[in-house]
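Worksheet for the structure shown next.
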Amino acid sequence: MKPWLFIPGDWRRPANKESFQLYWCEKSQLGGIHPLPDFNKIASFYDIDEYYTHHIDFTGFVSASSISFFDKLRTHLAWRFDRGVDVTSKWWKQQFGTASCSILEIGCANGHLLQELQADDHKVWGVEPDRQALVLAQQRGLDVFYGTAESLPPEVKSRQYDIIVMNHVLEHTRDPLLALRNAMQLLVDGGKLVMEVPNNSCK
């Protein structure tokens with residue numbers, strides 16, 4: 001990997017004076033940030049005022065009345081070209097049917113999806129490193145525990161699951177391969193791992 005782009009700081013956390021260097025490998029088309037954050041610092045990255053998962057009514061969509069016409073158009077065009085999928089209860093039924101499953105969502109935010117799936121008679125558990133979002137998920141009455149994809153809590157490691165969801169999680173991990181290995185070890189034989197990342201062309 002070679003130096004590619006210098007990041008002078010985090011615009012969402014201006015008081016934090018850390019800078020970062022992005023590295024890029026042309027051959028593999030993979031990038032990385034240096035220095036990598038310590039595992040125990042990951043949770044602090046979500047301590048941002050008005051972070052989008054810090055509201056109980058967050059569903060993954062921005063209120064249509066709060067954005068301009070041009071922002072709506074830009075978002076719509078980006079969605080069309082990206083061919084992203086909104087993981088909802090309706091989408092779930094189309095993909096997996098209506099049979100009850102045991103489901104673990106790693107990086108479940110405030111538990112919105114888990115609550116939908118629980119209402120459809122699935123058995124659900126969650127893992128979340130953002131403590132504010134974690135509290136909201138627990139207020140929904142969900143079994144959600146503090147942890148990361150690389151360091152799963154014992155409460156979820158004690159069982160196996162029919163389906164594990166990692167929706168916009170892998171790009172937040174320090175060690176993506178460890179995160180994937182951890183998830184795969186918790187699947188039953190024939191279980192499924194459902195993932196989405198921002199760049200659907202990434203390897």
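If you're wondering about the labels, chains in the structure tokens are A, B, ... by order shown, residues count from 1 in each chain, ligands from 1 in order shown.
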
Near Gly31 in chain A, within 12 Å and counting only C-alpha atoms, which residues show up once chain neighbours fewer than 3 positions away are dropped, as an mmCIF file with all heavy atoms, in the first residue's frame?
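Below is the file out_28.cif, written as the result:
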data_model
loop_
_atom_site.group_PDB
_atom_site.id
_atom_site.type_symbol
_atom_site.label_atom_id
_atom_site.label_comp_id
_atom_site.auth_asym_id
_atom_site.auth_seq_id
_atom_site.Cartn_x
_atom_site.Cartn_y
_atom_site.Cartn_z
ATOM 1 N N MET A 1 0.840 -1.190 0.000
ATOM 2 C CA MET A 1 0.000 0.000 0.000
ATOM 3 C C MET A 1 0.885 1.254 0.000
ATOM 4 O O MET A 1 1.958 1.263 0.586
ATOM 5 C CB MET A 1 -0.915 0.012 1.217
ATOM 6 C CG MET A 1 -2.071 -0.970 1.151
ATOM 7 S SD MET A 1 -3.225 -0.723 2.525
ATOM 8 C CE MET A 1 -4.556 -1.805 1.999
ATOM 9 N N LYS A 2 0.380 2.292 -0.659
ATOM 10 C CA LYS A 2 1.107 3.555 -0.729
ATOM 11 C C LYS A 2 0.228 4.683 -0.190
ATOM 12 O O LYS A 2 -0.991 4.631 -0.293
ATOM 13 C CB LYS A 2 1.498 3.858 -2.174
ATOM 14 C CG LYS A 2 2.473 2.850 -2.755
ATOM 15 C CD LYS A 2 2.840 3.225 -4.177
ATOM 16 C CE LYS A 2 3.831 2.218 -4.753
ATOM 17 N NZ LYS A 2 4.175 2.542 -6.158
ATOM 18 N N PRO A 3 0.860 5.726 0.394
ATOM 19 C CA PRO A 3 0.070 6.863 0.875
ATOM 20 C C PRO A 3 -0.783 7.425 -0.254
ATOM 21 O O PRO A 3 -0.319 7.585 -1.388
ATOM 22 C CB PRO A 3 1.134 7.870 1.325
ATOM 23 C CG PRO A 3 2.331 7.032 1.619
ATOM 24 C CD PRO A 3 2.298 5.893 0.643
ATOM 25 N N TRP A 4 -2.049 7.731 0.073
ATOM 26 C CA TRP A 4 -2.989 8.189 -0.952
ATOM 27 C C TRP A 4 -3.614 9.538 -0.597
ATOM 28 O O TRP A 4 -3.604 10.457 -1.388
ATOM 29 C CB TRP A 4 -4.064 7.126 -1.152
ATOM 30 C CG TRP A 4 -5.157 7.501 -2.101
ATOM 31 C CD1 TRP A 4 -4.994 7.927 -3.397
ATOM 32 C CD2 TRP A 4 -6.566 7.497 -1.857
ATOM 33 N NE1 TRP A 4 -6.223 8.179 -3.975
ATOM 34 C CE2 TRP A 4 -7.207 7.926 -3.045
ATOM 35 C CE3 TRP A 4 -7.337 7.163 -0.747
ATOM 36 C CZ2 TRP A 4 -8.587 8.030 -3.138
ATOM 37 C CZ3 TRP A 4 -8.711 7.258 -0.849
ATOM 38 C CH2 TRP A 4 -9.321 7.689 -2.030
ATOM 39 N N LEU A 5 -4.128 9.663 0.616
ATOM 40 C CA LEU A 5 -4.864 10.866 0.977
ATOM 41 C C LEU A 5 -4.647 11.167 2.453
ATOM 42 O O LEU A 5 -4.729 10.270 3.288
ATOM 43 C CB LEU A 5 -6.355 10.653 0.695
ATOM 44 C CG LEU A 5 -7.289 11.858 0.806
ATOM 45 C CD1 LEU A 5 -6.947 12.890 -0.271
ATOM 46 C CD2 LEU A 5 -8.751 11.410 0.645
ATOM 47 N N GLN A 21 -3.773 9.094 7.799
ATOM 48 C CA GLN A 21 -3.288 8.913 6.440
ATOM 49 C C GLN A 21 -4.006 7.718 5.828
ATOM 50 O O GLN A 21 -4.044 6.635 6.424
ATOM 51 C CB GLN A 21 -1.774 8.646 6.436
ATOM 52 C CG GLN A 21 -1.194 8.377 5.068
ATOM 53 C CD GLN A 21 -1.164 9.633 4.204
ATOM 54 O OE1 GLN A 21 -0.676 10.674 4.626
ATOM 55 N NE2 GLN A 21 -1.692 9.543 2.998
ATOM 56 N N LEU A 22 -4.603 7.926 4.664
ATOM 57 C CA LEU A 22 -5.209 6.809 3.939
ATOM 58 C C LEU A 22 -4.166 6.209 3.011
ATOM 59 O O LEU A 22 -3.444 6.931 2.310
ATOM 60 C CB LEU A 22 -6.413 7.280 3.126
ATOM 61 C CG LEU A 22 -7.658 7.685 3.902
ATOM 62 C CD1 LEU A 22 -8.741 8.146 2.933
ATOM 63 C CD2 LEU A 22 -8.175 6.526 4.727
ATOM 64 N N TYR A 23 -4.107 4.871 3.002
ATOM 65 C CA TYR A 23 -3.216 4.140 2.105
ATOM 66 C C TYR A 23 -4.060 3.373 1.099
ATOM 67 O O TYR A 23 -5.195 2.976 1.381
ATOM 68 C CB TYR A 23 -2.332 3.171 2.898
ATOM 69 C CG TYR A 23 -1.223 3.862 3.651
ATOM 70 C CD1 TYR A 23 -1.477 4.538 4.840
ATOM 71 C CD2 TYR A 23 0.074 3.849 3.158
ATOM 72 C CE1 TYR A 23 -0.463 5.180 5.521
ATOM 73 C CE2 TYR A 23 1.099 4.490 3.838
ATOM 74 C CZ TYR A 23 0.827 5.154 5.013
ATOM 75 O OH TYR A 23 1.834 5.793 5.688
ATOM 76 N N TRP A 24 -3.496 3.150 -0.085
ATOM 77 C CA TRP A 24 -4.245 2.490 -1.155
ATOM 78 C C TRP A 24 -3.340 1.534 -1.918
ATOM 79 O O TRP A 24 -2.175 1.838 -2.172
ATOM 80 C CB TRP A 24 -4.820 3.535 -2.112
ATOM 81 C CG TRP A 24 -5.706 2.948 -3.169
ATOM 82 C CD1 TRP A 24 -5.408 2.733 -4.480
ATOM 83 C CD2 TRP A 24 -7.041 2.491 -2.988
ATOM 84 N NE1 TRP A 24 -6.477 2.181 -5.130
ATOM 85 C CE2 TRP A 24 -7.489 2.022 -4.240
ATOM 86 C CE3 TRP A 24 -7.897 2.434 -1.885
ATOM 87 C CZ2 TRP A 24 -8.769 1.489 -4.413
ATOM 88 C CZ3 TRP A 24 -9.161 1.910 -2.067
ATOM 89 C CH2 TRP A 24 -9.587 1.453 -3.311
ATOM 90 N N CYS A 25 -3.878 0.363 -2.267
ATOM 91 C CA CYS A 25 -3.153 -0.620 -3.072
ATOM 92 C C CYS A 25 -3.836 -0.719 -4.429
ATOM 93 O O CYS A 25 -4.998 -1.153 -4.510
ATOM 94 C CB CYS A 25 -3.144 -1.973 -2.372
ATOM 95 S SG CYS A 25 -2.424 -3.306 -3.379
ATOM 96 N N GLU A 26 -3.160 -0.297 -5.475
ATOM 97 C CA GLU A 26 -3.747 -0.326 -6.814
ATOM 98 C C GLU A 26 -4.052 -1.750 -7.269
ATOM 99 O O GLU A 26 -5.068 -2.014 -7.907
ATOM 100 C CB GLU A 26 -2.805 0.331 -7.824
ATOM 101 C CG GLU A 26 -2.783 1.840 -7.765
ATOM 102 C CD GLU A 26 -4.111 2.454 -8.167
ATOM 103 O OE1 GLU A 26 -4.865 1.819 -8.934
ATOM 104 O OE2 GLU A 26 -4.407 3.575 -7.707
ATOM 105 N N LYS A 27 -3.172 -2.693 -6.943
ATOM 106 C CA LYS A 27 -3.347 -4.056 -7.419
ATOM 107 C C LYS A 27 -4.595 -4.709 -6.829
ATOM 108 O O LYS A 27 -5.395 -5.319 -7.540
ATOM 109 C CB LYS A 27 -2.115 -4.895 -7.069
ATOM 110 C CG LYS A 27 -2.184 -6.320 -7.605
ATOM 111 C CD LYS A 27 -0.898 -7.083 -7.319
ATOM 112 C CE LYS A 27 -0.981 -8.496 -7.868
ATOM 113 N NZ LYS A 27 0.257 -9.262 -7.586
ATOM 114 N N SER A 28 -4.774 -4.596 -5.535
ATOM 115 C CA SER A 28 -5.921 -5.239 -4.877
ATOM 116 C C SER A 28 -7.146 -4.341 -4.795
ATOM 117 O O SER A 28 -8.243 -4.809 -4.486
ATOM 118 C CB SER A 28 -5.533 -5.683 -3.467
ATOM 119 O OG SER A 28 -5.284 -4.541 -2.651
ATOM 120 N N HIS A 34 -4.260 4.772 8.545
ATOM 121 C CA HIS A 34 -3.147 4.644 9.490
ATOM 122 C C HIS A 34 -3.032 5.946 10.273
ATOM 123 O O HIS A 34 -3.098 7.021 9.682
ATOM 124 C CB HIS A 34 -1.847 4.357 8.748
ATOM 125 C CG HIS A 34 -0.670 4.209 9.664
ATOM 126 N ND1 HIS A 34 -0.427 3.056 10.367
ATOM 127 C CD2 HIS A 34 0.297 5.090 10.022
ATOM 128 C CE1 HIS A 34 0.664 3.220 11.102
ATOM 129 N NE2 HIS A 34 1.116 4.438 10.900
ATOM 130 N N GLU A 171 -17.566 -1.899 7.270
ATOM 131 C CA GLU A 171 -16.714 -0.724 7.032
ATOM 132 C C GLU A 171 -16.367 0.003 8.324
ATOM 133 O O GLU A 171 -15.515 0.893 8.331
ATOM 134 C CB GLU A 171 -17.381 0.234 6.039
ATOM 135 C CG GLU A 171 -18.593 0.966 6.560
ATOM 136 C CD GLU A 171 -19.895 0.210 6.350
ATOM 137 O OE1 GLU A 171 -19.862 -1.012 6.086
ATOM 138 O OE2 GLU A 171 -20.962 0.841 6.447
ATOM 139 N N CYS A 202 -16.805 -3.357 -3.632
ATOM 140 C CA CYS A 202 -15.600 -3.628 -2.866
ATOM 141 C C CYS A 202 -15.415 -5.124 -2.665
ATOM 142 O O CYS A 202 -16.359 -5.892 -2.737
ATOM 143 C CB CYS A 202 -15.608 -2.902 -1.533
ATOM 144 S SG CYS A 202 -16.757 -3.571 -0.339
ATOM 145 N N LYS A 203 -14.177 -5.520 -2.455
ATOM 146 C CA LYS A 203 -13.851 -6.940 -2.301
ATOM 147 C C LYS A 203 -13.805 -7.288 -0.821
ATOM 148 O O LYS A 203 -13.338 -6.546 -0.023
ATOM 149 C CB LYS A 203 -12.484 -7.249 -2.932
ATOM 150 C CG LYS A 203 -12.418 -6.874 -4.403
ATOM 151 C CD LYS A 203 -13.236 -7.823 -5.267
ATOM 152 C CE LYS A 203 -12.989 -7.591 -6.724
ATOM 153 N NZ LYS A 203 -13.714 -6.494 -7.298
#

Handout entry: Polymer residues at most 7 Å from Asp143 in chain A, only C-alpha atoms, same-chain spacing of 4 or more positions, as a list in words
Key =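 My reading of the contact set: Trp125, Gly126 and Gln138 of chain A.
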
Practice task
Rank A:Leu113, A:Leu104, A:Val124, A:Ala133 by their smallest atom-to-atom distance to Thr53 in chain A, using only C-alpha atoms, and report the top residue only.
Solution key: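 Of the candidates, the smallest distance to Thr53 in chain A is held by A:Ala133.
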
Handout entry: Residues of range 1-180 of chain A in strand (DSSP E or B), written as an NGL selection string
Key = :A and (2-7 or 20-25 or 30-34 or 102-106 or 123-128 or 144-146 or 161-167)

With C-alpha atoms kept, could you save the residues just selected as an mmCIF file, in the first residue's frame?
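Final file, again.cif:
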data_model
loop_
_atom_site.group_PDB
_atom_site.id
_atom_site.type_symbol
_atom_site.label_atom_id
_atom_site.label_comp_id
_atom_site.auth_asym_id
_atom_site.auth_seq_id
_atom_site.Cartn_x
_atom_site.Cartn_y
_atom_site.Cartn_z
ATOM 1 C CA LYS A 2 1.107 3.555 -0.729
ATOM 2 C CA PRO A 3 0.070 6.863 0.875
ATOM 3 C CA TRP A 4 -2.989 8.189 -0.952
ATOM 4 C CA LEU A 5 -4.864 10.866 0.977
ATOM 5 C CA PHE A 6 -4.179 12.830 4.163
ATOM 6 C CA ILE A 7 -7.137 13.403 6.510
ATOM 7 C CA PHE A 20 -4.976 10.164 9.576
ATOM 8 C CA GLN A 21 -3.288 8.913 6.440
ATOM 9 C CA LEU A 22 -5.209 6.809 3.939
ATOM 10 C CA TYR A 23 -3.216 4.140 2.105
ATOM 11 C CA TRP A 24 -4.245 2.490 -1.155
ATOM 12 C CA CYS A 25 -3.153 -0.620 -3.072
ATOM 13 C CA LEU A 30 -8.024 -2.083 -1.133
ATOM 14 C CA GLY A 31 -7.461 0.864 1.144
ATOM 15 C CA GLY A 32 -6.642 1.324 4.790
ATOM 16 C CA ILE A 33 -6.240 4.044 7.378
ATOM 17 C CA HIS A 34 -3.147 4.644 9.490
ATOM 18 C CA SER A 102 -32.989 -17.165 15.366
ATOM 19 C CA ILE A 103 -31.347 -13.916 14.268
ATOM 20 C CA LEU A 104 -28.307 -12.003 15.509
ATOM 21 C CA GLU A 105 -27.729 -8.460 14.270
ATOM 22 C CA ILE A 106 -24.178 -7.276 14.808
ATOM 23 C CA LYS A 123 -36.037 -14.804 18.059
ATOM 24 C CA VAL A 124 -33.622 -11.877 17.994
ATOM 25 C CA TRP A 125 -30.427 -10.714 19.681
ATOM 26 C CA GLY A 126 -28.186 -7.744 18.981
ATOM 27 C CA VAL A 127 -24.686 -6.364 19.505
ATOM 28 C CA GLU A 128 -23.939 -2.631 19.491
ATOM 29 C CA VAL A 144 -28.955 -6.225 22.904
ATOM 30 C CA PHE A 145 -25.478 -6.315 24.410
ATOM 31 C CA TYR A 146 -22.419 -4.101 24.290
ATOM 32 C CA TYR A 161 -28.069 -18.499 14.831
ATOM 33 C CA ASP A 162 -29.951 -19.249 11.642
ATOM 34 C CA ILE A 163 -29.141 -15.800 10.245
ATOM 35 C CA ILE A 164 -26.627 -13.115 11.184
ATOM 36 C CA VAL A 165 -27.057 -9.554 9.907
ATOM 37 C CA MET A 166 -24.219 -7.043 9.462
ATOM 38 C CA ASN A 167 -25.846 -4.053 7.797
#

Exercise for the section: Tell me, as a list of chain:residue names, which residues lie within 6 Å of Ala179 in chain A, counting only C-alpha atoms; anything in the same chain fewer than 2 positions away does not count. Expected result: A:Ala149, A:Glu150, A:Pro176, A:Leu177, A:Arg181, A:Asn182

Since we have the selection now, will you write its residues out, keeping C-alpha atoms, as an mmCIF file, in the first residue's frame?
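Now in out.cif:
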data_model
loop_
_atom_site.group_PDB
_atom_site.id
_atom_site.type_symbol
_atom_site.label_atom_id
_atom_site.label_comp_id
_atom_site.auth_asym_id
_atom_site.auth_seq_id
_atom_site.Cartn_x
_atom_site.Cartn_y
_atom_site.Cartn_z
ATOM 1 C CA ALA A 149 -17.912 -7.458 15.585
ATOM 2 C CA GLU A 150 -14.325 -8.271 16.587
ATOM 3 C CA PRO A 176 -12.808 -7.123 8.899
ATOM 4 C CA LEU A 177 -11.474 -10.679 8.588
ATOM 5 C CA ARG A 181 -14.699 -15.229 11.230
ATOM 6 C CA ASN A 182 -16.524 -14.394 14.452
#

Fill in the blank from the handout: Of A:Gln139, A:Glu116, A:Lys192, A:Thr148, the one nearest to Asp175 in chain A when counting only C-alpha atoms is A:Thr148

Practice task
Determine the nearest neighbour of Ala99 in chain A from the options A:Glu196, A:Glu155, A:Asp86, A:Asp121, counting only C-alpha atoms.
Solution key: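 For Ala99 in chain A, the nearest of the given residues is A:Asp121.
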
Problem - Nearest candidate to Pro129 in chain A (options A:Cys101, A:Ile42, A:Val169, A:Met195; using only C-alpha atoms) - result: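 So, comparing all the options, the nearest one is A:Ile42.
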
Exercise for the section: Determine which residues of chain A DSSP labels as helix (DSSP H, G or I) from the backbone of this structure, then write them out as a ChimeraX atom specification. Expected result: /A:39-46,64-66,69-82,89-96,112-119,131-139,154-157,170-172,176-185
